[in-house]
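Written below as structure tokens is the structure these notes are about.
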Amino acid sequence: MPSLISPAERDYILKGVECNIRADGRQRPDYREVILETGVVSQTSGSARVRIAGGTDVLVSVKAEIGPVQVDPETGDGADKGQIICSVECAPSASQQFEGRGADDLNNEITQMMSRILCNNTTSSYTSTAASTTGSSTTASRQSSGPGGINLQKLCIIPGQQCWILYIDALILDYGGNLMDAIFMGTRAAIFDTRIPKTEVQDLGDGQFEFEVLDDAEDTDPVEGREDMPICITLNKIGACHIVDASPLEELCTEARLVVAVNRSGQLCGLQKGQEGGIEPSLLLEMIQFGKTMGQTLIKQLDTKIKAEADADLAKRQRGEPVHKLGFFAQ
Amino acid sequence: MSRVELLSPEGLRIDGRRPAELRKITSTTAVLSQADGSAYLEHGNTKVLAAVYGPREARHRALVLHDRAIINVEFNVAPFSTGERRRRTKNDKRLLEMASFVKQTFEPVVVTTLYARSQIDIYLQIIQHDGGTLQACINAATMALIDAGIAMTDYVCACTAGWVEREAAIDLNHIEESSDTSEVTVAMLPKSGKITLMQMESRLHVDKLEEVLSLAGEGCKQMHVVMDKTIRDRAEDLAAKMAV
Amino acid sequence: MDRKRVPGPELSVAPLVEYPVDHKRWTPYGETRHDAKRQPEDMRPIYLKTGLINQANGSAYIELEKTKLACGVYGPRPIKRTGQGFSGKGVLNCEIKFATFSCAKRRSNMRDPQEKELSLIVTQALTPAVRLELLPKSAIDVYITVLESDGWGSCLSAAITCASAALAHAGIEMLDLVAGCSASYISNVPESSSSSTSGSSSIPPQIYMDADLEEEKYEQGAIVLAYMPSLNEVTHVLQSGKAESTTISQSVEHCVEACNKIYAVMHHALLESINESKNNSL
């Protein structure tokens with residue numbers, strides 16, 4: 001798909017946006033149709049697939065595994081908290097420019113953005129295969145639930161020793177513009193779908209603890225604090241106006257892109273500008289407000305849909321019918 | 001570890017199949033918007049997505065052939081595809097080896113002389129891994145190539161076969177693969193019966209080889225039926241849309 | 001086995017520091033900031049000087065009390081690989097590197113993903129200001145080395161300021177200088193034992209301009225802003241942590257004011273360097 005755009009097309013899109021008509025007939029604040037399904041990958045603790053009409057296809061999976069706690073050597077913080085580790089991968093099938101090492105920069109950028117918004121620290125650590133954990137030495141926030149909203153203290157099994165680590169992996173299968181929004185919507189849905197097995201901790205005395213993971217498929221916990229997870233809205237500035245949910249051609253015309261992460265109660269959990277252009281401060285504040293209102297509406301709609309799906313699945317299970325997931329067969 | 005019984009006394013395998021029975025196969029094509037051709041294949045619990053780009057201008061001028069197209073295959077395994085989460089680097093030796101197998105499988109089948117000086121890219125994405133990934137990838141790649149409209153002499157259908165305890169069986173799943181069974185992957189062209197890929201890593205007694213291979217051939221023919229149906233359905237669908 | 005190198009032990013842990021009993025750790029619940037001389041809206045005094053690196057086309061060195069950065073600019077010089085094809089505009093490459101001794105915990109000398117992301121942020125902050133359309137087929141390389149880091153936000157904003165001063169010193173045509181500044185939101189009220197997930201205390205957090213390392217440990221959120229004063233354009237904004245939109249609007253305004261002050265400092269430093277070079281050539 002295009003990495004170049006002709007001046008005529010650029011002009012067409014620019015003038016169209018000014019008149020509030022976009023290339024596919026939408027208006028500036030209109031979103032494309034979104035198809036969302038949870039529970040598509042069976043070997044994970046939770047998963048979701050988001051498909052935006054027009055091409056973007058993202059698969060997000062959450063795997064809960066047990067690992068040692070990470071303690072900050074200076075402050076002693078983190079001994080009673082679980083961890084969240086995010087990673088994003090653009091499959092080469094998504095676009096021509098992602099072949100080989102082409103996607104590395106984009107992967108890194110999106111991963112860092114995700115970690116910043118979902119995890120607990122401003123200088124986040126990202127485990128890669130090349131280097132071991134690059135510890136964040138500068139900050140250790142003192143809250144139990146960071147901007148991501150997820151209650152990390154509930155993820156701890158034995159304070160100081162073992163905790164649950166949630167690996168959030170996003171896989172971008174198809175690129176049709178507006179990746180960040182799709183990834184965050186998918187993450188929110190996947191976390192809603194995640195079930196963590198219960199553990200039983202036995203105190204052997206003398207400070208020694210032993211724990212056992214209960215293998216009951218029915219008796220699992222959902223993730224605490226998941227309603228407060230933020231989603232993000234990407235606003236693209238074209239000319240003097242801003243649009244939401246850009247297609248690939250529109251993304252090539254944007255001067256500046258603002259990613260606004262907002263949670264259910266209207267608090268802003270993250271703000272990042274991208275692309276190589278400038279924004280006036282007044283326009284910036286206006287975009288932030290717009291993103292915030294739009295984000296809250298989107299969260300409400302998303303939640304109703306996810307809840308409806310979960311209820312339908314539960315009803316089917318109680319009736320004894322098998323639950324079929326459409327996965328890729330959804331059109 | 002307790003010995004897992006791979007073949008019950010009645011002759012049923014661990015997931016209730018007969019030895020010569022394939023797992024449930026579902027597939028669909030044209031799932032991606034950016035790729036020239038794409039296919040999604042579900043072989044039991046193994047889920048594979050294939051995308052084909054091409055023929056297009058070659059990335060590296062040095063590798064271009066003056067009279068043919070070059071085929072480039074890239075594998076990508078999702079970190080959540082196996083039971084435990086594990087990230088794999090792009091240069092994992094095993095993945096590179098599988099990629100070269102797929103490339104060698106398709107080189108004689110795709111009519112590369114029609115597309116001189118260009119490159120055909122096949123990207124395979126493994127979403128879930130439950131045994132038989134190589135066969136699923138080859139099948140998905142065949143359908144994606146057909147969906148992209150690239151000229152081929154025939155379908156390439158692949159099937160694994162092996163010797164499970166007392167009998168030859170086809171389409172081994174993950175548990176059977178990881179126990180001590182010998183496994184052969186065979187890719188063949190159904191019309192002529194010619195084999196383009198045969199790969200085995202374990203030990204198999206030469207007396208049993210013929211039975212295993214003929215069973216694999218049977219499995220490939222069954223695969224061909226399923227794949228053909230999907231492609232024809234899609235073609236009918238498109239024709240119906242164009243007729244209006 | 002690698003016989004050419006003598007590697008250190010595979011696992012090394014920083015020693016635990018035992019503070020004396022009477023050592024008081026700073027907390028925001030008191031009246032003052034960590035640096036008692038400063039008010040919440042005060043920035044640290046900036047020392048900015050250009051011409052540090054002779055070999056580079058342009059260079060600058062900045063100090064914000066404990067944060068120290070050096071920046072060198074090479075360019076415009078021809079692009080090495082023309083893999084991307086011809087483009088009518090030049091290319092700006094920024095690379096930021098933390099020295100291994102710059103943070104409390106030793107950093108590796110390979111570039112880690114965090115440095116790559118910061119490099120991308122600095123590039124995005126500077127590109128709107130540089131007139132790249134006058135330099136086709138050329139690349140401008142900006143290399144920033146952080147010698148000591150006292151607060152992540154101040155590091156990033158100092159990097160942006162320093163890089164644009166170095167670009168100006170190199171004589172590259174720009175639309176305007178870019179000034180960067182950072183702010184943190186810190187709550188003066190100690191957290192209650194029952195931390196409710198929805199909505200923190202109703203008292204909005206205090207905005208502390210240019211927070212240093214100790215203060216950042218208590219922050220609920222931070223914002224870094226890069227701004228071009230003459231054009232009145234924000235070239236980069238990065239906010240993390242939870243905050244209400246009113247707090248963010250306020251902090252954006254504060255940051256814009258602070259950027260104007262930093263702009264004056266940059267002007268002064270550049271004028272001084274011109275005078276110096278005039279005196280030297282006489």
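The chains in the structure tokens are called A, B, ... from first to last as shown; in each chain the residues are counted from 1, and the ligands are counted from 1 in the order shown.
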Please identify every residue of chain C that has at least one atom no more than 7 Å from any atom of chain A, counting only C-alpha atoms, and report them as a PyMOL selection string. chain C and resi 16+103-105+113+117+124+127-128+151+197-198+213+216-219+232-245+249
Could you please select, counting only C-alpha atoms, the residues of chain B within 9 Å of chain A and state them as JSON, numbers by chain? {"B": [27, 28, 31, 32, 33, 34, 35, 38, 40, 45, 49, 50, 51, 52, 53, 74, 75, 76, 78, 79, 80, 81, 82, 83, 84, 85, 87, 88, 89, 90, 122, 123, 124, 125, 127, 128]}
Enumerate the residues of region 106-310 of chain A with a DSSP assignment of strand (DSSP E), computed from the backbone, and present them as a ChimeraX atom specification. /A:156-158,162-174,195-197,199-205,208-213,220-222,231-238,241-244,256-262,268-274
Taking the DSSP assignment computed from this structure's backbone, write out as a PyMOL selection string all residues of region 1-242 of chain B that belong to alpha helix (DSSP H). chain B and resi 93-106+133-148+174-178+206-242
